[in-house]
>>> print(open('upload_11.txt').read())   # compact mmCIF, C-alpha atoms
# COMPACT_ATOMS: atom_id res chain seq x y z
CA MET A 1 -19.38 -1.69 -10.08
CA VAL A 2 -16.08 -2.17 -8.32
CA LYS A 3 -15.03 -3.68 -5.05
CA ILE A 4 -14.30 -1.00 -2.45
CA LYS A 5 -11.94 -1.60 0.43
CA GLN A 6 -12.05 0.67 3.49
CA VAL A 7 -8.85 1.34 5.35
CA GLU A 8 -8.51 3.45 8.49
CA GLN A 9 -5.21 5.21 8.85
CA THR A 10 -3.59 7.85 11.00
CA VAL A 11 -2.02 10.78 9.19
CA ILE A 12 0.57 12.86 10.99
CA LEU A 13 0.44 16.61 10.36
CA GLU A 14 3.57 18.46 11.35
CA GLY A 15 4.69 22.04 11.05
CA THR A 16 7.12 24.46 12.60
CA VAL A 17 6.24 27.89 13.89
CA ALA A 18 9.28 30.03 13.19
CA ALA A 19 10.73 31.96 16.09
CA GLY A 20 9.16 35.39 16.42
CA LEU A 21 6.33 34.62 13.98
CA PRO A 22 3.51 37.05 14.72
CA LYS A 23 -0.09 36.11 15.45
CA ASN A 24 -2.32 35.25 12.46
CA SER A 25 0.60 34.07 10.32
CA THR A 26 -0.02 31.04 8.11
CA PHE A 27 2.13 28.21 6.87
CA TYR A 28 1.64 24.80 5.27
CA MET A 29 1.73 21.72 7.44
CA SER A 30 3.61 18.64 6.29
CA VAL A 31 1.48 15.55 5.79
CA LEU A 32 2.94 12.17 6.63
CA LEU A 33 0.84 9.31 5.36
CA ASP A 34 3.45 6.70 4.67
CA PRO A 35 6.89 6.73 6.29
CA GLY A 36 8.26 5.27 3.06
CA LEU A 37 7.15 8.34 1.13
CA GLY A 38 8.14 10.90 3.74
CA ALA A 39 6.36 14.09 4.69
CA VAL A 40 4.96 16.25 1.90
CA GLN A 41 2.98 19.47 1.84
CA GLN A 42 0.63 18.31 -0.90
CA ILE A 43 -0.96 14.94 -1.45
CA GLN A 44 -2.99 14.10 -4.51
CA ILE A 45 -5.61 11.52 -3.74
CA PRO A 46 -4.96 8.50 -6.00
CA PRO A 47 -7.46 8.07 -8.86
CA ASN A 48 -8.85 4.86 -7.39
CA GLU A 49 -9.27 6.29 -3.87
CA ALA A 50 -11.40 8.74 -1.89
CA TRP A 51 -10.56 9.92 1.60
CA VAL A 52 -12.75 10.96 4.49
CA PHE A 53 -11.15 12.77 7.43
CA GLU A 54 -13.04 11.86 10.58
CA ASP A 55 -11.08 12.98 13.61
CA LEU A 56 -8.15 15.12 14.58
CA TYR A 57 -6.28 15.41 17.85
CA VAL A 58 -3.02 16.48 19.45
CA LYS A 59 -1.26 14.66 22.26
CA ASP A 60 -0.34 17.84 24.14
CA ALA A 61 -1.36 21.46 23.85
CA PRO A 62 0.94 23.10 21.30
CA GLY A 63 3.53 25.65 22.38
CA VAL A 64 1.89 28.14 20.03
CA ASP A 65 -1.82 27.69 19.54
CA VAL A 66 -2.89 27.28 15.93
CA LEU A 67 -5.94 26.22 14.00
CA LEU A 68 -5.79 24.15 10.86
CA THR A 69 -7.60 24.68 7.60
CA PHE A 70 -8.03 21.72 5.26
CA GLN A 71 -7.82 22.81 1.65
CA LYS A 72 -8.92 21.06 -1.49
CA ASN A 73 -7.10 21.72 -4.76
CA LEU A 74 -5.12 24.53 -3.12
CA THR A 75 -8.02 26.94 -3.32
CA GLU A 76 -11.09 25.64 -1.56
CA ASN A 77 -11.19 25.72 2.23
CA VAL A 78 -13.29 22.72 3.16
CA MET A 79 -12.86 22.49 6.91
CA LYS A 80 -11.43 24.60 9.71
CA THR A 81 -10.58 23.00 13.04
CA ALA A 82 -10.98 24.34 16.52
CA PRO A 83 -7.77 25.72 18.08
CA LEU A 84 -5.47 22.76 18.63
CA SER A 85 -5.25 23.61 22.33
CA VAL A 86 -8.78 22.23 22.77
CA LEU A 87 -8.14 19.14 20.66
CA VAL A 88 -5.88 17.48 23.21
CA VAL A 89 -6.72 13.80 23.14
CA SER A 90 -7.16 13.64 26.92
CA ASN A 91 -9.80 16.38 26.85
CA PRO A 92 -13.16 14.68 27.44
CA ALA A 93 -14.95 17.64 25.83
CA ARG A 94 -12.77 17.51 22.72
CA PRO A 95 -14.90 18.52 19.74
CA LYS A 96 -14.99 16.26 16.72
CA ILE A 97 -14.27 17.71 13.32
CA ASP A 98 -16.83 17.72 10.56
CA LYS A 99 -16.26 14.82 8.20
CA VAL A 100 -14.59 16.08 5.08
CA LEU A 101 -14.39 14.24 1.78
CA TYR A 102 -11.52 14.33 -0.69
CA GLU A 103 -12.61 12.84 -3.96
CA SER A 104 -10.33 10.98 -6.34
CA ASN A 105 -7.55 13.11 -7.85
CA THR A 106 -8.13 16.10 -5.57
CA ILE A 107 -5.17 17.70 -3.84
CA LEU A 108 -4.96 17.83 -0.06
CA THR A 109 -3.12 20.62 1.74
CA VAL A 110 -3.37 21.73 5.35
CA VAL A 111 -2.69 25.32 6.36
CA ALA A 112 -1.96 26.37 9.93
CA GLN A 113 -2.79 29.79 11.29
CA THR A 114 -1.13 30.98 14.47
CA LEU A 115 -3.42 32.36 17.15
CA GLN A 116 -0.69 33.97 19.23
CA ASP A 117 2.79 35.37 18.79
CA ALA A 118 5.55 32.78 18.70
CA PRO A 119 8.44 32.97 21.19
CA ALA A 120 11.16 35.29 19.97
CA ASN A 121 14.05 32.87 20.27
CA VAL A 122 12.94 29.31 19.59
CA PRO A 123 10.87 27.70 16.87
CA VAL A 124 7.91 25.60 17.99
CA THR A 125 6.94 22.28 16.42
CA ILE A 126 3.27 21.53 15.98
CA ILE A 127 2.19 17.89 15.59
CA ALA A 128 -1.39 16.79 15.07
CA TYR A 129 -2.89 13.40 14.22
CA ALA A 130 -5.77 12.97 11.83
CA LYS A 131 -7.81 9.84 11.34
CA VAL A 132 -8.58 9.23 7.70
CA ARG A 133 -10.78 6.55 6.19
CA ARG A 134 -9.54 5.60 2.75
CA PHE A 135 -11.96 4.10 0.23
CA ILE A 136 -9.92 2.13 -2.26
CA ALA A 137 -11.38 0.73 -5.47
CA GLU A 138 -9.78 -2.59 -6.31
CA MET B 1 5.28 -20.85 54.16
CA ASP B 2 2.32 -23.07 53.77
CA GLU B 3 2.13 -24.64 50.31
CA PHE B 4 -1.37 -23.33 49.83
CA LEU B 5 -0.35 -19.76 50.57
CA LYS B 6 2.64 -20.08 48.26
CA GLY B 7 0.34 -21.11 45.47
CA TRP B 8 -1.96 -18.17 45.99
CA ARG B 9 0.97 -15.82 46.34
CA ASN B 10 2.28 -16.97 42.95
CA TYR B 11 -1.13 -16.59 41.45
CA LEU B 12 -1.63 -13.09 42.75
CA ILE B 13 1.82 -11.84 41.80
CA ALA B 14 1.73 -13.30 38.31
CA GLY B 15 -1.94 -12.76 37.62
CA LEU B 16 -2.24 -9.25 39.01
CA GLY B 17 1.05 -8.28 37.43
CA GLY B 18 -0.24 -9.23 34.02
CA GLY B 19 -3.64 -7.78 34.71
CA ALA B 20 -2.27 -4.42 35.78
CA PHE B 21 -0.62 -3.90 32.41
CA TYR B 22 -3.84 -4.80 30.72
CA GLY B 23 -5.80 -2.28 32.69
CA LEU B 24 -7.26 -4.83 35.10
CA THR B 25 -10.04 -5.42 32.66
CA ASP B 26 -12.31 -8.37 32.57
CA ALA B 27 -9.73 -9.98 30.32
CA PHE B 28 -7.95 -10.69 33.58
CA LEU B 29 -10.70 -13.08 34.46
CA SER B 30 -11.63 -14.45 31.07
CA GLY B 31 -10.14 -17.43 29.38
CA ILE B 32 -8.39 -18.64 32.49
CA LYS B 33 -6.57 -21.86 31.94
CA ALA B 34 -6.45 -24.36 34.71
CA GLU B 35 -5.16 -27.90 34.65
CA GLY B 36 -4.86 -27.85 30.87
CA GLN B 37 -8.40 -26.71 30.22
CA VAL B 38 -9.58 -23.37 28.90
CA LEU B 39 -12.56 -22.66 31.07
CA GLY B 40 -13.51 -19.05 30.36
CA VAL B 41 -14.45 -18.71 33.99
CA THR B 42 -15.79 -15.83 36.07
CA ILE B 43 -14.74 -14.99 39.63
CA LYS B 44 -17.59 -17.11 40.89
CA ASP B 45 -16.48 -20.02 38.75
CA LEU B 46 -12.89 -19.56 39.85
CA LEU B 47 -13.80 -19.56 43.54
CA THR B 48 -16.03 -22.57 43.03
CA LEU B 49 -13.18 -24.34 41.31
CA MET B 50 -10.70 -23.52 44.05
CA ILE B 51 -13.09 -24.46 46.86
CA THR B 52 -13.92 -27.69 45.11
CA LYS B 53 -10.24 -28.46 44.74
CA TYR B 54 -9.70 -27.54 48.38
CA PHE B 55 -12.10 -30.14 49.64
CA ALA B 56 -11.06 -32.69 47.05
CA ASP B 57 -7.38 -32.42 47.88
CA ARG B 58 -7.95 -32.04 51.58
CA THR B 59 -9.13 -35.65 51.68
CA SER B 60 -5.98 -36.81 49.93
CA GLY B 61 -3.78 -34.61 52.10
CA THR B 62 -2.16 -32.49 49.37
CA TRP B 63 -2.48 -28.98 47.97
CA LYS B 64 -0.34 -29.77 44.98
CA THR B 65 -2.97 -29.50 42.27
CA VAL B 66 -4.37 -26.33 43.82
CA PHE B 67 -1.21 -24.28 43.64
CA GLU B 68 -0.13 -25.89 40.38
CA GLY B 69 -3.37 -24.75 38.84
CA ALA B 70 -2.97 -21.29 40.31
CA THR B 71 0.53 -20.97 38.87
CA VAL B 72 -0.67 -22.03 35.45
CA ILE B 73 -3.40 -19.39 35.64
CA GLY B 74 -0.87 -16.73 36.57
CA VAL B 75 1.56 -17.58 33.77
CA TYR B 76 -1.28 -17.73 31.28
CA LYS B 77 -2.56 -14.33 32.29
CA VAL B 78 0.88 -12.77 32.20
CA PHE B 79 1.29 -13.94 28.61
CA TYR B 80 -2.11 -12.93 27.36
CA GLY B 81 -2.44 -9.84 29.53
CA PHE B 82 0.95 -8.34 28.86
CA ILE B 83 3.31 -10.09 26.46
CA GLU B 84 0.86 -10.73 23.66
CA PRO B 85 -0.37 -7.10 23.43
CA LEU B 86 3.25 -6.01 23.55
CA ILE B 87 4.12 -8.26 20.61
CA LYS B 88 1.08 -7.05 18.71
CA GLY B 89 2.11 -3.48 19.42
CA PHE B 90 5.58 -4.06 18.03
CA LEU B 91 4.12 -5.69 14.95
CA GLY B 92 1.81 -2.72 14.49
CA LYS B 93 -1.32 -4.81 14.45
CA LYS B 94 -3.37 -2.45 16.58
CA GLU B 95 -5.80 -0.30 14.69
CA GLY B 96 -4.45 3.15 14.05
CA ALA B 97 -1.30 2.43 16.01
CA THR B 98 1.07 3.62 13.32
CA THR B 99 0.92 5.16 9.90
CA ALA B 100 2.71 2.13 8.54
CA SER B 101 0.06 -0.37 9.38
CA PRO B 102 -3.35 0.58 8.07
CA SER B 103 -6.09 -1.80 9.01
CA THR B 104 -8.65 -2.96 6.52
CA THR B 105 -12.03 -2.39 8.08
CA SER B 106 -14.42 -3.69 5.48
CA THR B 107 -15.08 -4.21 1.80
CA SER B 108 -18.15 -3.44 -0.27
CA VAL B 109 -19.22 -2.96 -3.87
CA CYS B 110 -19.98 0.49 -5.31
CA GLU B 111 -19.69 2.61 -8.44
CA SER B 112 -16.44 4.23 -7.37
CA ALA B 113 -14.38 5.05 -4.31
CA THR B 114 -15.80 8.58 -4.25
CA GLU B 115 -19.39 7.29 -4.38
CA ALA B 116 -18.64 4.88 -1.56
CA ALA B 117 -17.16 7.70 0.52
CA LYS B 118 -20.19 9.90 -0.12
CA ALA B 119 -22.49 7.07 0.92
CA TYR B 120 -20.44 6.60 4.07
CA ILE B 121 -20.67 10.27 5.02
CA GLY B 122 -24.38 10.26 4.33
CA SER B 123 -24.89 7.25 6.58
CA THR B 124 -23.02 8.67 9.58
>>> encode(input="upload_11.txt", output="structure tokens")
Amino acid sequence: MVKIKQVEQTVILEGTVAAGLPKNSTFYMSVLLDPGLGAVQQIQIPPNEAWVFEDLYVKDAPGVDVLLTFQKNLTENVMKTAPLSVLVVSNPARPKIDKVLYESNTILTVVAQTLQDAPANVPVTIIAYAKVRRFIAE
Amino acid sequence: MDEFLKGWRNYLIAGLGGGAFYGLTDAFLSGIKAEGQVLGVTIKDLLTLMITKYFADRTSGTWKTVFEGATVIGVYKVFYGFIEPLIKGFLGKKEGATTASPSTTSTSVCESATEAAKAYIGST
């Protein structure tokens, strides 16, 4: 038996929709957990930790609507969000995501899929915030 | 201006100013400090206090303690209603405020972190 500490943390997911990118294109989102580590496209859950994603929201509707797919170990799609346009934090009917578990040592990646054509001339930045509960064995 | 009105003016400006930043919540009315005492009063208590002071000081011919108390209340509320949350915000103490300041929510004992997470999901 080990002592488990629970820590709630906000993870920033950021990606850029390239100018002219057609509908249904996909790209990896960057994951920013710790400003000291910087944004990365893959995070391996530390061996003494397990993570549970509990909520996801955006501050404003994105310029290009996308949905996010949470992947485990680069192959398994474990959770798909609603279009980010309905996950605006001020939306009282904002749906909650299903809780998704990342066990120790698994790899987290987040893939975005565009739901509409991107503007021809300017790239669009997508930023979403995910609440994660980290279980840390001490 | 009458000394009494000045006192209330100070109270309203300072107190409501602080309260507005805090969302005019009940925190505006809780923990009010008057004449060096933390009373934790409600509106009713506050009015009772002020009316009591009114009659008490009326006999001695001064409003001094009334508006002094009101000023203290206002300054107190400005600090706790506005400045303190601001400082906490800068220090990142609010839960989920930044990625740099995770907040420990609880500790428990379990087989492993993964087992604890599974138990958590199963319980919610």
>>> atom_distance(input="upload_11.txt", atom1="atom CA of A:Val132", atom2="atom CA of A:Thr114")
24.0 Å
>>> atom_distance(input="upload_11.txt", atom1="atom CA of B:Ser106", atom2="atom CA of A:Gln6")
5.3 Å
>>> residues_around(input="upload_11.txt", residues="A:Met1", least_positions_apart="5", cutoff="10 Å", atoms="all atoms listed in the file", output="MDAnalysis selection string")
(chainID A and resid 137) or (chainID B and resid 109:112)
>>> atom_distance(input="upload_11.txt", atom1="atom CA of A:Met29", atom2="atom CA of A:Pro95")
20.9 Å
>>> residues_around(input="upload_11.txt", residues="A:Leu115", least_positions_apart="6", cutoff="6 Å", atoms="all atoms listed in the file", output="PyMOL selection string")
chain A and resi 23-24+65-66
>>> write_last_selection(input="upload_11.txt", atoms="C-alpha atoms", output="PDB file, in the coordinates of the input")
ATOM      1  CA  LYS A  23      -0.090  36.110  15.450  1.00  0.00           C
ATOM      2  CA  ASN A  24      -2.320  35.250  12.460  1.00  0.00           C
ATOM      3  CA  ASP A  65      -1.820  27.690  19.540  1.00  0.00           C
ATOM      4  CA  VAL A  66      -2.890  27.280  15.930  1.00  0.00           C
TER       5      VAL A  66
END
>>> interface_residues(input="upload_11.txt", of="chain A", to="chain B", cutoff="9 Å", atoms="all atoms listed in the file", output="PDB file with C-alpha atoms, in the coordinates of the input")
ATOM      1  CA  MET A   1     -19.380  -1.690 -10.080  1.00  0.00           C
ATOM      2  CA  VAL A   2     -16.080  -2.170  -8.320  1.00  0.00           C
ATOM      3  CA  LYS A   3     -15.030  -3.680  -5.050  1.00  0.00           C
ATOM      4  CA  ILE A   4     -14.300  -1.000  -2.450  1.00  0.00           C
ATOM      5  CA  LYS A   5     -11.940  -1.600   0.430  1.00  0.00           C
ATOM      6  CA  GLN A   6     -12.050   0.670   3.490  1.00  0.00           C
ATOM      7  CA  VAL A   7      -8.850   1.340   5.350  1.00  0.00           C
ATOM      8  CA  GLU A   8      -8.510   3.450   8.490  1.00  0.00           C
ATOM      9  CA  GLN A   9      -5.210   5.210   8.850  1.00  0.00           C
ATOM     10  CA  THR A  10      -3.590   7.850  11.000  1.00  0.00           C
ATOM     11  CA  VAL A  11      -2.020  10.780   9.190  1.00  0.00           C
ATOM     12  CA  ILE A  12       0.570  12.860  10.990  1.00  0.00           C
ATOM     13  CA  LEU A  32       2.940  12.170   6.630  1.00  0.00           C
ATOM     14  CA  LEU A  33       0.840   9.310   5.360  1.00  0.00           C
ATOM     15  CA  ASP A  34       3.450   6.700   4.670  1.00  0.00           C
ATOM     16  CA  PRO A  35       6.890   6.730   6.290  1.00  0.00           C
ATOM     17  CA  GLY A  36       8.260   5.270   3.060  1.00  0.00           C
ATOM     18  CA  PRO A  47      -7.460   8.070  -8.860  1.00  0.00           C
ATOM     19  CA  ASN A  48      -8.850   4.860  -7.390  1.00  0.00           C
ATOM     20  CA  GLU A  49      -9.270   6.290  -3.870  1.00  0.00           C
ATOM     21  CA  ALA A  50     -11.400   8.740  -1.890  1.00  0.00           C
ATOM     22  CA  TRP A  51     -10.560   9.920   1.600  1.00  0.00           C
ATOM     23  CA  VAL A  52     -12.750  10.960   4.490  1.00  0.00           C
ATOM     24  CA  LYS A  99     -16.260  14.820   8.200  1.00  0.00           C
ATOM     25  CA  VAL A 100     -14.590  16.080   5.080  1.00  0.00           C
ATOM     26  CA  LEU A 101     -14.390  14.240   1.780  1.00  0.00           C
ATOM     27  CA  TYR A 102     -11.520  14.330  -0.690  1.00  0.00           C
ATOM     28  CA  GLU A 103     -12.610  12.840  -3.960  1.00  0.00           C
ATOM     29  CA  SER A 104     -10.330  10.980  -6.340  1.00  0.00           C
ATOM     30  CA  LYS A 131      -7.810   9.840  11.340  1.00  0.00           C
ATOM     31  CA  ARG A 133     -10.780   6.550   6.190  1.00  0.00           C
ATOM     32  CA  ARG A 134      -9.540   5.600   2.750  1.00  0.00           C
ATOM     33  CA  PHE A 135     -11.960   4.100   0.230  1.00  0.00           C
ATOM     34  CA  ILE A 136      -9.920   2.130  -2.260  1.00  0.00           C
ATOM     35  CA  ALA A 137     -11.380   0.730  -5.470  1.00  0.00           C
TER      36      ALA A 137
END
>>> residues_around(input="upload_11.txt", residues="A:Gln44", least_positions_apart="5", cutoff="7 Å", atoms="all atoms listed in the file", output="list in words")
Asn105, Thr106, Ile107 and Leu108 of chain A
>>> residues_around(input="upload_11.txt", residues="A:Ala112", least_positions_apart="4", cutoff="9 Å", atoms="only C-alpha atoms", output="ChimeraX atom specification")
/A:15,25-29,66-70
>>> write_last_selection(input="upload_11.txt", atoms="C-alpha atoms", output="short mmCIF file (atom, residue, chain, number, x, y, z; two decimals), in the coordinates of the input")
data_model
loop_
_atom_site.label_atom_id
_atom_site.label_comp_id
_atom_site.auth_asym_id
_atom_site.auth_seq_id
_atom_site.Cartn_x
_atom_site.Cartn_y
_atom_site.Cartn_z
CA GLY A 15 4.69 22.04 11.05
CA SER A 25 0.60 34.07 10.32
CA THR A 26 -0.02 31.04 8.11
CA PHE A 27 2.13 28.21 6.87
CA TYR A 28 1.64 24.80 5.27
CA MET A 29 1.73 21.72 7.44
CA VAL A 66 -2.89 27.28 15.93
CA LEU A 67 -5.94 26.22 14.00
CA LEU A 68 -5.79 24.15 10.86
CA THR A 69 -7.60 24.68 7.60
CA PHE A 70 -8.03 21.72 5.26
#
>>> residues_around(input="upload_11.txt", residues="A:Arg94", least_positions_apart="6", cutoff="12 Å", atoms="only C-alpha atoms", output="list in words")
Asp55, Leu56, Tyr57, Val58, Lys59, Thr81, Ala82, Pro83, Leu84, Ser85, Val86, Leu87 and Val88 of chain A
